[in-house]
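S.K.: My file is upload-v9.csv. It has CSV, N, CA and C atoms:
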```
chain,number,residue,atom,x,y,z
A,1,MET,N,110.2,145.6,50.7
A,1,MET,CA,109.8,146.7,51.5
A,1,MET,C,109.5,146.2,52.9
A,2,GLY,N,110.1,146.9,53.9
A,2,GLY,CA,110.0,146.5,55.3
A,2,GLY,C,108.7,147.1,55.9
A,3,ARG,N,108.4,146.5,57.0
A,3,ARG,CA,107.2,147.0,57.7
A,3,ARG,C,107.5,148.3,58.5
A,4,VAL,N,106.6,149.2,58.4
A,4,VAL,CA,106.9,150.5,59.1
A,4,VAL,C,106.0,150.6,60.4
A,5,GLU,N,106.4,151.4,61.3
A,5,GLU,CA,105.7,151.6,62.5
A,5,GLU,C,104.3,152.2,62.2
A,6,ILE,N,103.3,151.8,62.9
A,6,ILE,CA,102.0,152.4,62.8
A,6,ILE,C,102.1,153.8,63.3
A,7,GLY,N,101.6,154.7,62.5
A,7,GLY,CA,101.5,156.1,62.9
A,7,GLY,C,100.1,156.6,63.0
A,8,VAL,N,100.0,157.9,62.9
A,8,VAL,CA,98.6,158.5,63.0
A,8,VAL,C,97.7,157.9,62.0
A,9,ALA,N,96.4,157.8,62.4
A,9,ALA,CA,95.4,157.2,61.6
A,9,ALA,C,95.2,158.0,60.3
A,10,ALA,N,95.2,157.3,59.2
A,10,ALA,CA,94.9,157.9,57.9
A,10,ALA,C,93.4,158.3,57.8
A,11,ALA,N,93.1,159.0,56.7
A,11,ALA,CA,91.7,159.4,56.6
A,11,ALA,C,90.7,158.3,56.8
A,12,PHE,N,90.9,157.2,56.2
A,12,PHE,CA,89.9,156.1,56.3
A,12,PHE,C,89.8,155.6,57.8
A,13,ALA,N,90.9,155.4,58.4
A,13,ALA,CA,90.9,154.9,59.8
A,13,ALA,C,90.3,155.9,60.7
A,14,TYR,N,90.6,157.2,60.5
A,14,TYR,CA,90.0,158.2,61.3
A,14,TYR,C,88.5,158.3,61.1
A,15,GLU,N,88.0,158.1,59.8
A,15,GLU,CA,86.6,158.2,59.5
A,15,GLU,C,85.9,157.0,60.1
A,16,VAL,N,86.5,155.8,60.2
A,16,VAL,CA,85.9,154.7,60.8
A,16,VAL,C,85.7,155.0,62.3
A,17,ALA,N,86.7,155.6,62.9
A,17,ALA,CA,86.6,155.9,64.4
A,17,ALA,C,85.4,157.0,64.5
A,18,ARG,N,85.4,157.9,63.6
A,18,ARG,CA,84.3,158.9,63.7
A,18,ARG,C,82.9,158.3,63.5
A,19,GLU,N,82.8,157.3,62.6
A,19,GLU,CA,81.5,156.6,62.4
A,19,GLU,C,81.1,155.9,63.7
A,20,PHE,N,82.1,155.3,64.4
A,20,PHE,CA,81.7,154.6,65.6
A,20,PHE,C,81.3,155.6,66.7
A,21,ASP,N,81.9,156.8,66.7
A,21,ASP,CA,81.5,157.8,67.7
A,21,ASP,C,80.1,158.4,67.3
A,22,VAL,N,79.8,158.5,66.1
A,22,VAL,CA,78.4,158.9,65.7
A,22,VAL,C,77.4,157.9,66.1
A,23,LEU,N,77.7,156.6,65.9
A,23,LEU,CA,76.8,155.5,66.4
A,23,LEU,C,76.6,155.5,67.9
A,24,ARG,N,77.7,155.7,68.6
A,24,ARG,CA,77.7,155.8,70.0
A,24,ARG,C,76.7,156.9,70.5
A,25,THR,N,76.8,158.0,69.9
A,25,THR,CA,75.9,159.1,70.2
A,25,THR,C,74.5,158.8,69.9
A,26,LYS,N,74.2,158.2,68.7
A,26,LYS,CA,72.9,157.9,68.2
A,26,LYS,C,72.3,156.8,69.2
A,27,ARG,N,73.1,156.0,69.7
A,27,ARG,CA,72.6,154.9,70.7
A,27,ARG,C,72.4,155.5,72.1
A,28,GLY,N,72.8,156.7,72.3
A,28,GLY,CA,72.6,157.4,73.6
A,28,GLY,C,73.6,156.9,74.6
A,29,LEU,N,74.7,156.4,74.2
A,29,LEU,CA,75.7,155.9,75.1
A,29,LEU,C,76.8,157.0,75.4
A,30,THR,N,77.2,157.1,76.6
A,30,THR,CA,78.4,157.9,76.9
A,30,THR,C,79.6,157.1,76.6
A,31,HIS,N,80.8,157.8,76.5
A,31,HIS,CA,82.0,157.0,76.3
A,31,HIS,C,82.2,156.0,77.4
A,32,ALA,N,81.9,156.4,78.6
A,32,ALA,CA,82.1,155.5,79.7
A,32,ALA,C,81.2,154.2,79.6
A,33,ALA,N,80.0,154.4,79.2
A,33,ALA,CA,79.0,153.3,79.0
A,33,ALA,C,79.5,152.4,77.9
A,34,LEU,N,80.0,152.9,76.8
A,34,LEU,CA,80.5,152.1,75.7
A,34,LEU,C,81.8,151.3,76.2
A,35,LEU,N,82.6,152.0,76.9
A,35,LEU,CA,83.9,151.3,77.4
A,35,LEU,C,83.5,150.1,78.3
A,36,GLU,N,82.4,150.2,79.0
A,36,GLU,CA,82.0,149.1,79.9
A,36,GLU,C,81.7,147.8,79.1
A,37,LYS,N,81.4,148.0,77.8
A,37,LYS,CA,81.0,146.9,76.9
A,37,LYS,C,82.2,146.3,76.2
A,38,LEU,N,83.4,147.0,76.3
A,38,LEU,CA,84.5,146.7,75.5
A,38,LEU,C,85.6,146.0,76.4
A,39,THR,N,86.6,145.3,75.8
A,39,THR,CA,87.7,144.8,76.5
A,39,THR,C,88.9,145.6,76.4
A,40,ILE,N,88.8,146.8,75.7
A,40,ILE,CA,90.0,147.6,75.5
A,40,ILE,C,90.0,148.7,76.6
A,41,SER,N,91.2,149.2,76.9
A,41,SER,CA,91.3,150.2,77.9
A,41,SER,C,90.8,151.6,77.5
A,42,ARG,N,90.6,152.4,78.4
A,42,ARG,CA,90.1,153.8,78.1
A,42,ARG,C,91.2,154.5,77.3
A,43,ASN,N,92.4,154.4,77.7
A,43,ASN,CA,93.5,155.1,77.0
A,43,ASN,C,93.6,154.6,75.5
A,44,TYR,N,93.6,153.3,75.3
A,44,TYR,CA,93.6,152.7,74.0
A,44,TYR,C,92.5,153.2,73.1
A,45,TYR,N,91.3,153.3,73.7
A,45,TYR,CA,90.1,153.7,73.0
A,45,TYR,C,90.2,155.2,72.6
A,46,TYR,N,90.6,156.1,73.5
A,46,TYR,CA,90.7,157.5,73.2
A,46,TYR,C,91.8,157.8,72.2
A,47,LYS,N,92.9,157.1,72.2
A,47,LYS,CA,94.0,157.3,71.2
A,47,LYS,C,93.5,157.0,69.8
A,48,ARG,N,92.6,156.0,69.7
A,48,ARG,CA,92.1,155.7,68.4
A,48,ARG,C,91.0,156.7,68.0
A,49,LEU,N,90.2,157.1,69.0
A,49,LEU,CA,89.1,158.0,68.7
A,49,LEU,C,89.7,159.4,68.2
A,50,ARG,N,90.8,159.8,68.8
A,50,ARG,CA,91.5,161.0,68.4
A,50,ARG,C,92.2,160.9,67.1
A,51,GLY,N,92.4,159.7,66.6
A,51,GLY,CA,93.2,159.5,65.4
A,51,GLY,C,94.7,159.5,65.6
A,52,GLU,N,95.1,159.3,66.9
A,52,GLU,CA,96.5,159.2,67.1
A,52,GLU,C,97.1,157.8,66.6
A,53,LEU,N,96.2,156.8,66.6
A,53,LEU,CA,96.5,155.5,66.1
A,53,LEU,C,95.3,154.9,65.5
A,54,PRO,N,95.5,154.1,64.4
A,54,PRO,CA,94.3,153.5,63.8
A,54,PRO,C,93.7,152.3,64.6
A,55,LEU,N,92.4,152.1,64.4
A,55,LEU,CA,91.8,150.9,64.9
A,55,LEU,C,92.3,149.7,64.2
A,56,ASN,N,92.3,148.5,64.8
A,56,ASN,CA,92.6,147.3,64.1
A,56,ASN,C,91.3,146.6,63.8
A,57,LEU,N,91.4,145.5,63.1
A,57,LEU,CA,90.1,144.8,62.8
A,57,LEU,C,89.4,144.2,64.0
A,58,ASN,N,90.2,143.8,65.0
A,58,ASN,CA,89.6,143.2,66.2
A,58,ASN,C,88.8,144.3,66.9
A,59,ASP,N,89.4,145.6,66.9
A,59,ASP,CA,88.7,146.7,67.5
A,59,ASP,C,87.4,147.0,66.7
A,60,VAL,N,87.4,147.0,65.4
A,60,VAL,CA,86.3,147.2,64.6
A,60,VAL,C,85.2,146.2,64.9
A,61,ALA,N,85.5,145.0,65.0
A,61,ALA,CA,84.5,143.9,65.2
A,61,ALA,C,83.9,144.1,66.6
A,62,GLU,N,84.7,144.4,67.6
A,62,GLU,CA,84.3,144.5,69.0
A,62,GLU,C,83.4,145.8,69.1
A,63,LEU,N,83.8,146.9,68.5
A,63,LEU,CA,83.0,148.1,68.6
A,63,LEU,C,81.6,147.9,67.9
A,64,ALA,N,81.7,147.3,66.7
A,64,ALA,CA,80.4,147.1,66.0
A,64,ALA,C,79.5,146.2,66.8
A,65,ALA,N,80.0,145.1,67.4
A,65,ALA,CA,79.1,144.3,68.2
A,65,ALA,C,78.5,145.1,69.4
A,66,ALA,N,79.3,145.9,70.0
A,66,ALA,CA,78.9,146.6,71.2
A,66,ALA,C,77.8,147.7,70.8
A,67,LEU,N,77.9,148.1,69.6
A,67,LEU,CA,77.0,149.2,69.1
A,67,LEU,C,75.8,148.6,68.3
A,68,GLY,N,75.7,147.3,68.2
A,68,GLY,CA,74.6,146.6,67.5
A,68,GLY,C,74.6,146.8,66.0
A,69,THR,N,75.8,146.8,65.4
A,69,THR,CA,75.9,146.9,63.9
A,69,THR,C,76.9,145.9,63.4
A,70,THR,N,77.2,146.0,62.2
A,70,THR,CA,78.2,145.1,61.6
A,70,THR,C,79.5,145.9,61.2
A,71,PRO,N,80.6,145.2,61.2
A,71,PRO,CA,81.8,145.9,60.7
A,71,PRO,C,81.7,146.5,59.3
A,72,GLY,N,81.0,145.7,58.5
A,72,GLY,CA,80.9,146.1,57.1
A,72,GLY,C,80.0,147.3,56.9
A,73,ALA,N,79.0,147.5,57.7
A,73,ALA,CA,78.2,148.7,57.6
A,73,ALA,C,79.0,149.9,58.0
A,74,VAL,N,79.8,149.8,59.1
A,74,VAL,CA,80.6,151.0,59.5
A,74,VAL,C,81.7,151.3,58.5
A,75,LEU,N,82.4,150.3,58.0
A,75,LEU,CA,83.5,150.5,57.0
A,75,LEU,C,82.9,151.0,55.7
A,76,GLY,N,81.7,150.6,55.3
A,76,GLY,CA,81.1,151.1,54.1
A,76,GLY,C,80.8,152.6,54.2
A,77,ARG,N,80.2,153.0,55.3
A,77,ARG,CA,79.8,154.4,55.5
A,77,ARG,C,81.1,155.2,55.6
A,78,ALA,N,82.1,154.7,56.2
A,78,ALA,CA,83.4,155.5,56.3
A,78,ALA,C,84.0,155.7,54.9
A,79,GLU,N,84.0,154.6,54.1
A,79,GLU,CA,84.6,154.7,52.8
A,79,GLU,C,83.8,155.7,51.9
A,80,ARG,N,82.5,155.6,52.0
A,80,ARG,CA,81.6,156.5,51.2
A,80,ARG,C,81.9,158.0,51.6
A,81,SER,N,82.0,158.2,52.8
A,81,SER,CA,82.3,159.6,53.3
A,81,SER,C,83.6,160.1,52.8
A,82,ILE,N,84.6,159.3,52.9
A,82,ILE,CA,86.0,159.7,52.4
A,82,ILE,C,85.9,160.0,50.9
A,83,ARG,N,85.3,159.1,50.1
A,83,ARG,CA,85.3,159.2,48.7
A,83,ARG,C,84.5,160.5,48.3
A,84,LYS,N,83.4,160.7,49.0
A,84,LYS,CA,82.5,161.9,48.7
A,84,LYS,C,83.3,163.2,49.0
A,85,SER,N,84.2,163.2,50.0
A,85,SER,CA,85.0,164.4,50.3
A,85,SER,C,86.1,164.6,49.3
A,86,GLY,N,86.4,163.6,48.5
A,86,GLY,CA,87.4,163.7,47.5
A,86,GLY,C,88.8,163.4,48.0
A,87,ARG,N,88.9,163.0,49.3
A,87,ARG,CA,90.2,162.7,49.9
A,87,ARG,C,90.6,161.2,49.5
A,88,ALA,N,91.9,161.0,49.6
A,88,ALA,CA,92.3,159.6,49.4
A,88,ALA,C,92.2,158.9,50.7
A,89,LEU,N,91.9,157.6,50.7
A,89,LEU,CA,91.7,156.8,51.9
A,89,LEU,C,92.9,156.8,52.8
A,90,THR,N,94.1,156.9,52.2
A,90,THR,CA,95.3,156.9,52.9
A,90,THR,C,95.9,158.3,53.3
A,91,ASP,N,95.1,159.3,53.0
A,91,ASP,CA,95.5,160.7,53.3
A,91,ASP,C,95.6,160.9,54.8
A,92,VAL,N,96.7,161.5,55.3
A,92,VAL,CA,96.9,161.8,56.7
A,92,VAL,C,96.8,163.3,56.9
A,93,SER,N,96.5,164.1,55.9
A,93,SER,CA,96.3,165.5,56.1
A,93,SER,C,95.1,165.9,55.3
A,94,GLY,N,94.6,167.1,55.6
A,94,GLY,CA,93.5,167.6,54.8
A,94,GLY,C,92.1,167.0,55.2
A,95,ALA,N,92.1,166.4,56.4
A,95,ALA,CA,90.8,166.0,56.9
A,95,ALA,C,89.9,167.2,57.1
A,96,LEU,N,88.6,166.9,57.2
A,96,LEU,CA,87.6,168.0,57.4
A,96,LEU,C,87.9,168.8,58.6
A,97,ASP,N,88.3,168.2,59.7
A,97,ASP,CA,88.7,168.8,61.0
A,97,ASP,C,90.1,168.5,61.2
A,98,THR,N,91.0,169.5,61.1
A,98,THR,CA,92.4,169.3,61.3
A,98,THR,C,93.0,170.3,62.3
A,99,ASP,N,94.1,169.9,62.9
A,99,ASP,CA,94.8,170.8,63.8
A,99,ASP,C,95.8,171.6,63.0
A,100,VAL,N,96.6,172.4,63.7
A,100,VAL,CA,97.6,173.3,63.0
A,100,VAL,C,98.6,172.5,62.1
A,101,ASP,N,98.8,171.3,62.4
A,101,ASP,CA,99.7,170.5,61.6
A,101,ASP,C,99.1,169.7,60.5
A,102,GLY,N,97.7,169.9,60.4
A,102,GLY,CA,97.0,169.2,59.3
A,102,GLY,C,96.6,167.8,59.7
A,103,LEU,N,96.8,167.4,61.0
A,103,LEU,CA,96.4,166.1,61.4
A,103,LEU,C,94.9,166.1,61.8
A,104,PRO,N,94.2,164.9,61.7
A,104,PRO,CA,92.8,164.9,62.0
A,104,PRO,C,92.5,165.2,63.5
A,105,MET,N,91.4,165.9,63.7
A,105,MET,CA,90.9,166.1,65.1
A,105,MET,C,89.6,165.3,65.2
A,106,ALA,N,89.6,164.6,66.3
A,106,ALA,CA,88.4,163.8,66.6
A,106,ALA,C,87.5,164.5,67.6
A,107,ALA,N,86.5,163.9,68.0
A,107,ALA,CA,85.5,164.5,69.0
A,107,ALA,C,86.2,165.1,70.2
A,108,LEU,N,87.3,164.4,70.7
A,108,LEU,CA,88.0,164.7,71.9
A,108,LEU,C,88.6,166.1,71.8
A,109,ASP,N,89.0,166.5,70.6
A,109,ASP,CA,89.7,167.8,70.4
A,109,ASP,C,88.7,169.0,70.2
A,110,ARG,N,87.5,168.7,70.0
A,110,ARG,CA,86.5,169.8,69.7
A,110,ARG,C,86.0,170.5,70.9
A,111,PRO,N,85.7,171.7,70.7
A,111,PRO,CA,85.1,172.5,71.9
A,111,PRO,C,84.0,171.8,72.5
A,112,GLY,N,83.9,171.8,73.9
A,112,GLY,CA,82.8,171.2,74.6
A,112,GLY,C,83.1,169.8,75.0
A,113,PHE,N,84.1,169.1,74.4
A,113,PHE,CA,84.3,167.7,74.8
A,113,PHE,C,84.7,167.5,76.2
A,114,GLU,N,85.6,168.4,76.7
A,114,GLU,CA,86.0,168.3,78.1
A,114,GLU,C,84.8,168.4,79.1
A,115,ALA,N,83.9,169.3,78.8
A,115,ALA,CA,82.7,169.5,79.7
A,115,ALA,C,81.9,168.2,79.7
A,116,GLN,N,81.8,167.6,78.5
A,116,GLN,CA,81.0,166.3,78.4
A,116,GLN,C,81.7,165.2,79.2
A,117,GLN,N,83.0,165.2,79.1
A,117,GLN,CA,83.7,164.2,79.9
A,117,GLN,C,83.6,164.3,81.4
A,118,GLU,N,83.6,165.6,81.8
A,118,GLU,CA,83.5,165.9,83.2
A,118,GLU,C,82.1,165.4,83.7
A,119,SER,N,81.1,165.7,82.9
A,119,SER,CA,79.7,165.4,83.2
A,119,SER,C,79.6,163.9,83.3
A,120,GLU,N,80.2,163.1,82.3
A,120,GLU,CA,80.1,161.7,82.3
A,120,GLU,C,80.8,161.1,83.6
A,121,GLN,N,81.9,161.7,84.0
A,121,GLN,CA,82.6,161.2,85.2
A,121,GLN,C,81.8,161.4,86.4
A,122,HIS,N,81.0,162.4,86.5
A,122,HIS,CA,80.2,162.7,87.7
A,122,HIS,C,79.0,161.8,87.7
A,123,ASP,N,78.5,161.4,86.5
A,123,ASP,CA,77.3,160.5,86.4
A,123,ASP,C,77.7,159.1,86.7
A,124,SER,N,79.0,158.7,86.6
A,124,SER,CA,79.4,157.3,86.9
A,124,SER,C,79.4,156.9,88.3
```
Kindly return the structure encoded in the file as structure tokens.
M.R.:
Amino acid sequence: MGRVEIGVAAAFAYEVAREFDVLRTKRGLTHAALLEKLTISRNYYYKRLRGELPLNLNDVAELAAALGTTPGAVLGRAERSIRKSGRALTDVSGALDTDVDGLPMAALDRPGFEAQQESEQHDS
């Protein structure tokens, strides 16, 4: 079986990104403030946060360190959340928040996010 191109984040990868966003909010950090602590680009970060692409293990380790937690803690919470919802870890449709195509919607796609972004850009 050959290697396939990485596509949209599956339920588990999406949930991991969501867990990091929840932690970011709990820590009182804006997206811009978190990005200052990371070596990844803004575009790279947002594509993963939206579920367009999955985070890799290097991303998970870097985000965990920046947010003062461990990769295992975040991965464990994400797995428990997926299992509790009854979805498969590899499911790419049927996420709790989905668009018209059934693909996951992250914080960036939700109402009010653009206003938050504009506010953060003015604060920088």
S.K.: Taking the point (90.6, 153.5, 62.1) as given in the file, collect each protein or nucleic acid residue that comes within 6 Å of it, counting only N, CA and C atoms, and present the set as a PDB file with N, CA and C atoms, keeping the file's coordinate frame.
M.R.:
```
ATOM      1  N   PHE A  12      90.900 157.200  56.200  1.00  0.00           N
ATOM      2  CA  PHE A  12      89.900 156.100  56.300  1.00  0.00           C
ATOM      3  C   PHE A  12      89.800 155.600  57.800  1.00  0.00           C
ATOM      4  N   ALA A  13      90.900 155.400  58.400  1.00  0.00           N
ATOM      5  CA  ALA A  13      90.900 154.900  59.800  1.00  0.00           C
ATOM      6  C   ALA A  13      90.300 155.900  60.700  1.00  0.00           C
ATOM      7  N   TYR A  14      90.600 157.200  60.500  1.00  0.00           N
ATOM      8  CA  TYR A  14      90.000 158.200  61.300  1.00  0.00           C
ATOM      9  C   TYR A  14      88.500 158.300  61.100  1.00  0.00           C
ATOM     10  N   GLU A  15      88.000 158.100  59.800  1.00  0.00           N
ATOM     11  CA  GLU A  15      86.600 158.200  59.500  1.00  0.00           C
ATOM     12  C   GLU A  15      85.900 157.000  60.100  1.00  0.00           C
ATOM     13  N   VAL A  16      86.500 155.800  60.200  1.00  0.00           N
ATOM     14  CA  VAL A  16      85.900 154.700  60.800  1.00  0.00           C
ATOM     15  C   VAL A  16      85.700 155.000  62.300  1.00  0.00           C
ATOM     16  N   ALA A  17      86.700 155.600  62.900  1.00  0.00           N
ATOM     17  CA  ALA A  17      86.600 155.900  64.400  1.00  0.00           C
ATOM     18  C   ALA A  17      85.400 157.000  64.500  1.00  0.00           C
ATOM     19  N   LEU A  53      96.200 156.800  66.600  1.00  0.00           N
ATOM     20  CA  LEU A  53      96.500 155.500  66.100  1.00  0.00           C
ATOM     21  C   LEU A  53      95.300 154.900  65.500  1.00  0.00           C
ATOM     22  N   PRO A  54      95.500 154.100  64.400  1.00  0.00           N
ATOM     23  CA  PRO A  54      94.300 153.500  63.800  1.00  0.00           C
ATOM     24  C   PRO A  54      93.700 152.300  64.600  1.00  0.00           C
ATOM     25  N   LEU A  55      92.400 152.100  64.400  1.00  0.00           N
ATOM     26  CA  LEU A  55      91.800 150.900  64.900  1.00  0.00           C
ATOM     27  C   LEU A  55      92.300 149.700  64.200  1.00  0.00           C
ATOM     28  N   ASN A  56      92.300 148.500  64.800  1.00  0.00           N
ATOM     29  CA  ASN A  56      92.600 147.300  64.100  1.00  0.00           C
ATOM     30  C   ASN A  56      91.300 146.600  63.800  1.00  0.00           C
TER      31      ASN A  56
END
```
S.K.: Record the distance separating atom N of Ile82 (chain A) and CA of Ala33 (chain A), expressed in Å with one decimal.
M.R.: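 Rounded to one decimal, the two atoms are 27.4 Å apart.
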S.K.: For Ala66 (chain A), list every protein, DNA or RNA residue within 8 Å, evaluated using all atoms listed in the file, and leave out those in the same chain fewer than 3 positions away; present the list as a list in words.
M.R.: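 Result of the neighbour search: Leu34, Lys37, Leu38, Val60, Ala61, Glu62, Leu63 and Thr69 of chain A.
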S.K.: Identify which of the residues A:Arg24, A:Leu57, A:Tyr45, A:Glu19 lies closest to Ala73 (chain A), counting only C-alpha atoms when measuring atom-to-atom distances.
M.R.: A:Glu19
S.K.: Can you work out which one of A:Arg18, A:Lys26, A:Arg87, A:Arg77 has the shortest atom-to-atom distance to Arg48 (chain A), counting only C-alpha atoms?
M.R.: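 Among the listed residues, the smallest separation from Arg48 (chain A) belongs to A:Arg18.
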S.K.: Quick one: pull the distance between atom C of Arg50 (chain A) and atom N of Ala9 (chain A), Å, one decimal.
M.R.: 7.0 Å
S.K.: Please, what distance in Å, to one decimal, runs between CA of Ala32 (chain A) and atom N of Pro71 (chain A)?
M.R.: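 Between CA of Ala32 (chain A) and atom N of Pro71 (chain A) the gap is 21.2 Å.
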S.K.: Have a look at A:Val74, A:Tyr46, A:Glu52, A:Leu23 and name the one nearest to Ala10 (chain A); count only N, CA and C atoms.
M.R.: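 Using only N, CA and C atoms, Ala10 (chain A) sits closest to A:Glu52.
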